[in-house]
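Next comes my_file.cif, a file with mmCIF, C-alpha atoms.
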```cif
data_final
loop_
_atom_site.group_PDB
_atom_site.id
_atom_site.type_symbol
_atom_site.label_atom_id
_atom_site.label_comp_id
_atom_site.auth_asym_id
_atom_site.auth_seq_id
_atom_site.Cartn_x
_atom_site.Cartn_y
_atom_site.Cartn_z
ATOM 1 C CA MET A 1 -4.465 -11.726 -4.987
ATOM 2 C CA SER A 2 -2.882 -14.279 -2.637
ATOM 3 C CA ILE A 3 0.628 -13.299 -3.789
ATOM 4 C CA PHE A 4 -0.106 -9.688 -2.811
ATOM 5 C CA LYS A 5 -1.305 -10.731 0.652
ATOM 6 C CA TYR A 6 1.770 -12.932 1.118
ATOM 7 C CA SER A 7 4.235 -10.204 0.096
ATOM 8 C CA PHE A 8 2.411 -7.641 2.242
ATOM 9 C CA LYS A 9 2.678 -9.915 5.288
ATOM 10 C CA ILE A 10 6.371 -10.517 4.646
ATOM 11 C CA THR A 11 6.979 -6.774 4.310
ATOM 12 C CA ILE A 12 5.172 -6.064 7.585
ATOM 13 C CA LEU A 13 7.135 -8.799 9.368
ATOM 14 C CA ILE A 14 10.455 -7.458 8.066
ATOM 15 C CA LEU A 15 9.602 -3.898 9.129
ATOM 16 C CA LEU A 16 8.452 -5.091 12.555
ATOM 17 C CA ASN A 17 11.619 -7.131 13.031
ATOM 18 C CA LEU A 18 13.748 -4.205 11.895
ATOM 19 C CA SER A 19 12.066 -1.758 14.272
ATOM 20 C CA ILE A 20 12.425 -4.158 17.215
ATOM 21 C CA SER A 21 16.086 -4.861 16.528
ATOM 22 C CA LEU A 22 16.902 -1.187 16.022
ATOM 23 C CA SER A 23 15.104 -0.081 19.162
ATOM 24 C CA SER A 24 17.619 -2.081 21.189
ATOM 25 C CA CYS A 25 20.542 0.005 19.904
ATOM 26 C CA THR A 26 22.439 1.755 22.661
ATOM 27 C CA ASP A 27 22.985 5.459 22.476
ATOM 28 C CA SER A 28 25.536 7.826 23.937
ATOM 29 C CA ASP A 29 25.533 11.567 24.329
ATOM 30 C CA SER A 30 28.213 11.905 21.669
ATOM 31 C CA ILE A 31 26.350 10.009 18.954
ATOM 32 C CA GLN A 32 23.600 11.869 17.148
ATOM 33 C CA LYS A 33 20.080 11.325 18.389
ATOM 34 C CA ARG A 34 18.805 8.404 16.402
ATOM 35 C CA THR A 35 15.715 8.717 14.297
ATOM 36 C CA ILE A 36 14.008 5.911 12.452
ATOM 37 C CA ARG A 37 15.867 6.959 9.289
ATOM 38 C CA GLY A 38 19.158 7.014 11.216
ATOM 39 C CA ASN A 39 18.524 3.565 12.670
ATOM 40 C CA ILE A 40 17.710 2.171 9.238
ATOM 41 C CA ASP A 41 20.940 3.672 7.881
ATOM 42 C CA LEU A 42 22.953 2.066 10.707
ATOM 43 C CA TRP A 43 21.367 -1.319 10.096
ATOM 44 C CA VAL A 44 21.811 -1.142 6.327
ATOM 45 C CA PHE A 45 25.442 -0.017 6.701
ATOM 46 C CA SER A 46 26.309 -2.852 9.084
ATOM 47 C CA HIS A 47 24.818 -5.390 6.659
ATOM 48 C CA PHE A 48 25.592 -3.909 3.214
ATOM 49 C CA GLY A 49 28.225 -1.184 3.751
ATOM 50 C CA LYS A 50 26.085 1.602 2.279
ATOM 51 C CA LEU A 51 23.788 4.330 3.608
ATOM 52 C CA VAL A 52 20.236 4.812 2.368
ATOM 53 C CA PHE A 53 19.193 8.250 3.622
ATOM 54 C CA ASP A 54 22.360 10.121 4.616
ATOM 55 C CA SER A 55 25.047 11.202 2.189
ATOM 56 C CA VAL A 56 28.251 10.832 4.155
ATOM 57 C CA SER A 57 31.552 11.156 2.350
ATOM 58 C CA GLU A 58 34.131 8.385 2.353
ATOM 59 C CA GLU A 59 37.501 9.715 3.462
ATOM 60 C CA ASP A 60 40.954 8.278 3.820
ATOM 61 C CA LEU A 61 42.430 8.379 7.312
ATOM 62 C CA ARG A 62 45.067 10.955 6.395
ATOM 63 C CA SER A 63 42.452 13.510 5.331
ATOM 64 C CA VAL A 64 40.545 12.946 8.590
ATOM 65 C CA HIS A 65 43.756 13.608 10.552
ATOM 66 C CA ILE A 66 44.558 16.724 8.495
ATOM 67 C CA ALA A 67 41.033 18.158 8.806
ATOM 68 C CA GLY A 68 41.292 17.573 12.560
ATOM 69 C CA ALA A 69 39.329 19.955 14.732
ATOM 70 C CA GLY A 70 37.558 21.499 11.744
ATOM 71 C CA GLN A 71 35.640 18.248 11.199
ATOM 72 C CA LEU A 72 34.718 17.422 14.805
ATOM 73 C CA ASN A 73 31.249 15.898 15.239
ATOM 74 C CA HIS A 74 30.884 15.297 11.497
ATOM 75 C CA ASP A 75 29.842 11.897 10.177
ATOM 76 C CA VAL A 76 32.428 10.099 8.097
ATOM 77 C CA ILE A 77 32.997 6.730 6.471
ATOM 78 C CA VAL A 78 36.532 5.334 6.579
ATOM 79 C CA SER A 79 37.985 1.972 5.746
ATOM 80 C CA GLY A 80 41.210 0.118 6.133
ATOM 81 C CA LYS A 81 42.907 -2.891 7.623
ATOM 82 C CA VAL A 82 42.443 -3.727 11.311
ATOM 83 C CA GLU A 83 45.905 -3.551 12.872
ATOM 84 C CA ILE A 84 44.989 -3.825 16.553
ATOM 85 C CA LEU A 85 41.775 -5.075 18.129
ATOM 86 C CA GLY A 86 41.053 -4.451 21.802
ATOM 87 C CA ASP A 87 40.637 -7.499 24.044
ATOM 88 C CA LEU A 88 36.884 -6.945 24.416
ATOM 89 C CA GLY A 89 36.324 -5.578 20.911
ATOM 90 C CA THR A 90 35.638 -2.082 22.271
ATOM 91 C CA TYR A 91 38.287 -0.374 20.176
ATOM 92 C CA LEU A 92 40.493 -1.025 17.188
ATOM 93 C CA VAL A 93 43.243 0.667 15.222
ATOM 94 C CA LEU A 94 42.504 1.046 11.524
ATOM 95 C CA SER A 95 45.196 1.626 8.878
ATOM 96 C CA ASP A 96 44.692 2.446 5.204
ATOM 97 C CA GLY A 97 48.284 2.989 4.109
ATOM 98 C CA SER A 98 48.093 6.767 4.495
ATOM 99 C CA ALA A 99 47.569 6.873 8.285
ATOM 100 C CA ARG A 100 46.391 4.957 11.347
ATOM 101 C CA MET A 101 43.458 5.902 13.549
ATOM 102 C CA LEU A 102 41.785 4.747 16.729
ATOM 103 C CA VAL A 103 38.158 3.664 16.318
ATOM 104 C CA ASP A 104 36.083 3.543 19.502
ATOM 105 C CA THR A 105 33.235 1.017 19.457
ATOM 106 C CA THR A 106 32.482 1.146 23.211
ATOM 107 C CA PHE A 107 29.041 2.743 23.274
ATOM 108 C CA THR A 108 27.609 1.242 20.110
ATOM 109 C CA ASN A 109 26.749 -2.103 18.678
ATOM 110 C CA ALA A 110 28.978 -1.227 15.750
ATOM 111 C CA TYR A 111 29.354 -4.775 14.503
ATOM 112 C CA GLY A 112 25.632 -5.436 14.344
ATOM 113 C CA ALA A 113 24.835 -9.112 14.778
ATOM 114 C CA SER A 114 28.285 -10.204 13.658
ATOM 115 C CA LYS A 115 31.407 -10.806 15.700
ATOM 116 C CA PRO A 116 34.165 -8.192 15.915
ATOM 117 C CA PRO A 117 36.564 -8.359 12.960
ATOM 118 C CA LYS A 118 39.858 -10.204 13.054
ATOM 119 C CA VAL A 119 43.212 -8.471 12.994
ATOM 120 C CA GLY A 120 44.287 -8.111 9.361
ATOM 121 C CA SER A 121 40.767 -7.994 7.937
ATOM 122 C CA ASN A 122 39.423 -5.035 5.965
ATOM 123 C CA LEU A 123 36.772 -2.980 7.726
ATOM 124 C CA LYS A 124 34.530 -0.132 6.607
ATOM 125 C CA VAL A 125 33.380 2.126 9.482
ATOM 126 C CA HIS A 126 30.629 4.737 9.689
ATOM 127 C CA GLY A 127 31.122 7.059 12.642
ATOM 128 C CA VAL A 128 31.608 10.516 14.083
ATOM 129 C CA ILE A 129 34.953 12.343 14.237
ATOM 130 C CA LYS A 130 35.869 13.101 17.851
ATOM 131 C CA SER A 131 38.774 14.553 19.779
ATOM 132 C CA ALA A 132 40.221 13.133 22.995
ATOM 133 C CA GLU A 133 41.148 15.378 25.928
ATOM 134 C CA ASN A 134 44.752 15.440 24.690
ATOM 135 C CA GLY A 135 43.625 16.609 21.224
ATOM 136 C CA HIS A 136 44.118 13.323 19.382
ATOM 137 C CA ILE A 137 41.503 12.659 16.717
ATOM 138 C CA TYR A 138 39.578 9.374 16.758
ATOM 139 C CA ILE A 139 36.360 7.975 15.312
ATOM 140 C CA LEU A 140 33.389 7.014 17.452
ATOM 141 C CA ALA A 141 31.873 4.173 15.428
ATOM 142 C CA SER A 142 28.171 3.973 14.743
ATOM 143 C CA SER A 143 28.375 0.850 12.597
ATOM 144 C CA ALA A 144 30.945 -1.236 10.790
ATOM 145 C CA ARG A 145 31.082 -3.737 7.959
ATOM 146 C CA GLU A 146 33.853 -6.094 6.972
ATOM 147 C CA GLY A 147 34.716 -5.846 3.322
ATOM 148 C CA ARG A 148 36.910 -4.072 0.826
ATOM 149 C CA ALA A 149 38.967 -1.110 1.949
ATOM 150 C CA ILE A 150 39.011 2.207 0.117
ATOM 151 C CA THR A 151 41.913 2.367 -2.289
ATOM 152 C CA LYS A 152 43.027 5.895 -3.137
#
```

Please render this file's structure as structure tokens.
Amino acid sequence: MSIFKYSFKITILILLNLSISLSSCTDSDSIQKRTIRGNIDLWVFSHFGKLVFDSVSEEDLRSVHIAGAGQLNHDVIVSGKVEILGDLGTYLVLSDGSARMLVDTTFTNAYGASKPPKVGSNLKVHGVIKSAENGHIYILASSAREGRAITK
């Protein structure tokens, strides 16, 4: 009986900690309204590189470029090597061998509790496909995780 009480208390503490940490996430008008499920997915992705509730497809950067305007405001997961990292960590350029793409991390805490990645490291990004005023496609990051890149 005491093991059950102990595990129940630990579970409650983890859920409380998770809800407090996720409630501090910033939001922008261009990122989907966050629900509890969405916040859990963002947290899990930034720590483990996977989504729990949403089924978002992993794409290479070339297919995101080719789909272009037809995929605007759709969630996507991309990965590649960080080629350029902005001075304040608010943007980066990701390359996967097929293409390069700008990833905007300005309005999110995309890196979670970790530091921004280093140039040359592999990064997996969950975000929304956007278009700049000049028509260039970029990704507005929701969360990111350093790790293996997609190899297609």

| query | Quick one: residues within 12 Å of Ser57 in chain A, all atoms listed in the file counted, chain neighbours fewer than 3 positions away excluded, as an MDAnalysis selection string? | reply | chainID A and resid 50:51 54 60 63:64 74:79 125:128 150

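Compared by their closest atoms to Ala99 in chain A, and using all atoms listed in the file, the residues A:Tyr138, A:Phe53, A:Trp43, A:Phe48 rank with A:Tyr138 nearest.
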
| request: Tell me, in Å to one decimal, how far CA of Leu102 in chain A is from CA of Ile137 in chain A. | output: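 Computed distance, CA of Leu102 in chain A to CA of Ile137 in chain A, equals 7.9 Å.
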
| message | When you look at range 70-73 of chain A with a cut-off of 12 Å (counting only C-alpha atoms), what residues show up, excluding the ones that are within fewer than 4 positions of it in the same chain? I need them as a list in words. | response |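 Answer for this query is Asp29, Ser30, Ile31, Gln32, Glu59, Ser63, Val64, His65, Ile66, Gly127, Val128, Ile129, Lys130, Ser131, Ala132, Gly135, His136, Ile137, Tyr138, Ile139, Leu140 and Ala141 of chain A.
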
Skip Arg145 in chain A itself and residues of its chain fewer than 2 positions away, then list as a compact mmCIF listing (two decimals) with C-alpha atoms, keeping the file's coordinate frame all residues within 8 Å of it, counting only C-alpha atoms.
```txt
# COMPACT_ATOMS: atom_id res chain seq x y z
CA PHE A 45 25.44 -0.02 6.70
CA SER A 46 26.31 -2.85 9.08
CA HIS A 47 24.82 -5.39 6.66
CA PHE A 48 25.59 -3.91 3.21
CA GLY A 49 28.22 -1.18 3.75
CA TYR A 111 29.35 -4.78 14.50
CA LEU A 123 36.77 -2.98 7.73
CA LYS A 124 34.53 -0.13 6.61
CA VAL A 125 33.38 2.13 9.48
CA SER A 143 28.38 0.85 12.60
CA GLY A 147 34.72 -5.85 3.32
```

| field | Matched chain/residue IDs from the PyMOL selection byres ((chain A and resi 96-98) around 6), as JSON, numbers by chain | value | {"A": [62, 80, 95, 99]}

| request: Quote the spacing between CA of Val119 in chain A and CA of Gly89 in chain A in Å to one decimal place. | output: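 These two atoms are separated by 10.9 Å.
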
Around all the atoms of range 42-55 of chain A listed in the file, with 3 Å of room on each side, what axis-aligned box do you get, giving centre and edge lengths in Å to one decimal, as lines of an AutoDock Vina configuration file?
```
center_x = 23.7
center_y = 2.9
center_z = 6.4
size_x = 15.0
size_y = 22.6
size_z = 14.5
```

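Using all atoms listed in the file, the shortest contact distance between Lys81 in chain A and any of A:Ser142, A:Asn39, A:Asn134, A:Ser121 is found at A:Ser121.
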
| query | Could you list as a PyMOL selection string every residue that has an atom within 12 Å of (46.6, -4.4, 15.0), using the file's coordinates and counting only C-alpha atoms? | reply | chain A and resi 80-87+89+91-95+100-103+117-122

| request: Work out how far apart CA of Pro116 in chain A and CA of Thr90 in chain A are and give it in Å to one decimal. | output: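 These atoms are spaced 8.9 Å apart.
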
Missing atoms in range 48-65 of chain A: can you complete it with N, CA and C atoms, as a PDB file, keeping the file's coordinate frame?
```pdb
ATOM      1  N   PHE A  48      25.276  -4.064   4.635  1.00  0.00           N
ATOM      2  CA  PHE A  48      25.592  -3.909   3.214  1.00  0.00           C
ATOM      3  C   PHE A  48      26.717  -2.910   2.930  1.00  0.00           C
ATOM      4  N   GLY A  49      27.137  -2.134   3.940  1.00  0.00           N
ATOM      5  CA  GLY A  49      28.225  -1.184   3.751  1.00  0.00           C
ATOM      6  C   GLY A  49      27.843   0.085   3.027  1.00  0.00           C
ATOM      7  N   LYS A  50      26.565   0.392   2.952  1.00  0.00           N
ATOM      8  CA  LYS A  50      26.085   1.602   2.279  1.00  0.00           C
ATOM      9  C   LYS A  50      25.044   2.286   3.158  1.00  0.00           C
ATOM     10  N   LEU A  51      24.825   3.577   2.912  1.00  0.00           N
ATOM     11  CA  LEU A  51      23.788   4.330   3.608  1.00  0.00           C
ATOM     12  C   LEU A  51      22.629   4.581   2.654  1.00  0.00           C
ATOM     13  N   VAL A  52      21.422   4.609   3.194  1.00  0.00           N
ATOM     14  CA  VAL A  52      20.236   4.812   2.368  1.00  0.00           C
ATOM     15  C   VAL A  52      19.827   6.283   2.351  1.00  0.00           C
ATOM     16  N   PHE A  53      19.733   6.897   3.526  1.00  0.00           N
ATOM     17  CA  PHE A  53      19.193   8.250   3.622  1.00  0.00           C
ATOM     18  C   PHE A  53      20.267   9.332   3.693  1.00  0.00           C
ATOM     19  N   ASP A  54      21.321   9.106   4.445  1.00  0.00           N
ATOM     20  CA  ASP A  54      22.360  10.121   4.616  1.00  0.00           C
ATOM     21  C   ASP A  54      23.382  10.042   3.488  1.00  0.00           C
ATOM     22  N   SER A  55      23.948  11.182   3.167  1.00  0.00           N
ATOM     23  CA  SER A  55      25.047  11.202   2.189  1.00  0.00           C
ATOM     24  C   SER A  55      26.307  11.612   2.954  1.00  0.00           C
ATOM     25  N   VAL A  56      27.029  10.625   3.395  1.00  0.00           N
ATOM     26  CA  VAL A  56      28.251  10.832   4.155  1.00  0.00           C
ATOM     27  C   VAL A  56      29.424  10.499   3.242  1.00  0.00           C
ATOM     28  N   SER A  57      30.422  11.374   3.252  1.00  0.00           N
ATOM     29  CA  SER A  57      31.552  11.156   2.350  1.00  0.00           C
ATOM     30  C   SER A  57      32.507  10.104   2.905  1.00  0.00           C
ATOM     31  N   GLU A  58      33.089   9.342   1.990  1.00  0.00           N
ATOM     32  CA  GLU A  58      34.131   8.385   2.353  1.00  0.00           C
ATOM     33  C   GLU A  58      35.461   9.109   2.288  1.00  0.00           C
ATOM     34  N   GLU A  59      36.224   9.018   3.367  1.00  0.00           N
ATOM     35  CA  GLU A  59      37.501   9.715   3.462  1.00  0.00           C
ATOM     36  C   GLU A  59      38.610   8.726   3.749  1.00  0.00           C
ATOM     37  N   ASP A  60      39.830   9.077   3.358  1.00  0.00           N
ATOM     38  CA  ASP A  60      40.954   8.278   3.820  1.00  0.00           C
ATOM     39  C   ASP A  60      41.375   8.820   5.188  1.00  0.00           C
ATOM     40  N   LEU A  61      42.103   8.021   5.936  1.00  0.00           N
ATOM     41  CA  LEU A  61      42.430   8.379   7.312  1.00  0.00           C
ATOM     42  C   LEU A  61      43.337   9.611   7.382  1.00  0.00           C
ATOM     43  N   ARG A  62      44.186   9.789   6.398  1.00  0.00           N
ATOM     44  CA  ARG A  62      45.067  10.955   6.395  1.00  0.00           C
ATOM     45  C   ARG A  62      44.269  12.250   6.311  1.00  0.00           C
ATOM     46  N   SER A  63      43.258  12.288   5.457  1.00  0.00           N
ATOM     47  CA  SER A  63      42.452  13.510   5.331  1.00  0.00           C
ATOM     48  C   SER A  63      41.649  13.785   6.595  1.00  0.00           C
ATOM     49  N   VAL A  64      41.241  12.743   7.313  1.00  0.00           N
ATOM     50  CA  VAL A  64      40.545  12.946   8.590  1.00  0.00           C
ATOM     51  C   VAL A  64      41.508  13.545   9.605  1.00  0.00           C
ATOM     52  N   HIS A  65      42.748  13.049   9.651  1.00  0.00           N
ATOM     53  CA  HIS A  65      43.756  13.608  10.552  1.00  0.00           C
ATOM     54  C   HIS A  65      44.040  15.069  10.209  1.00  0.00           C
TER      55      HIS A  65
END
```
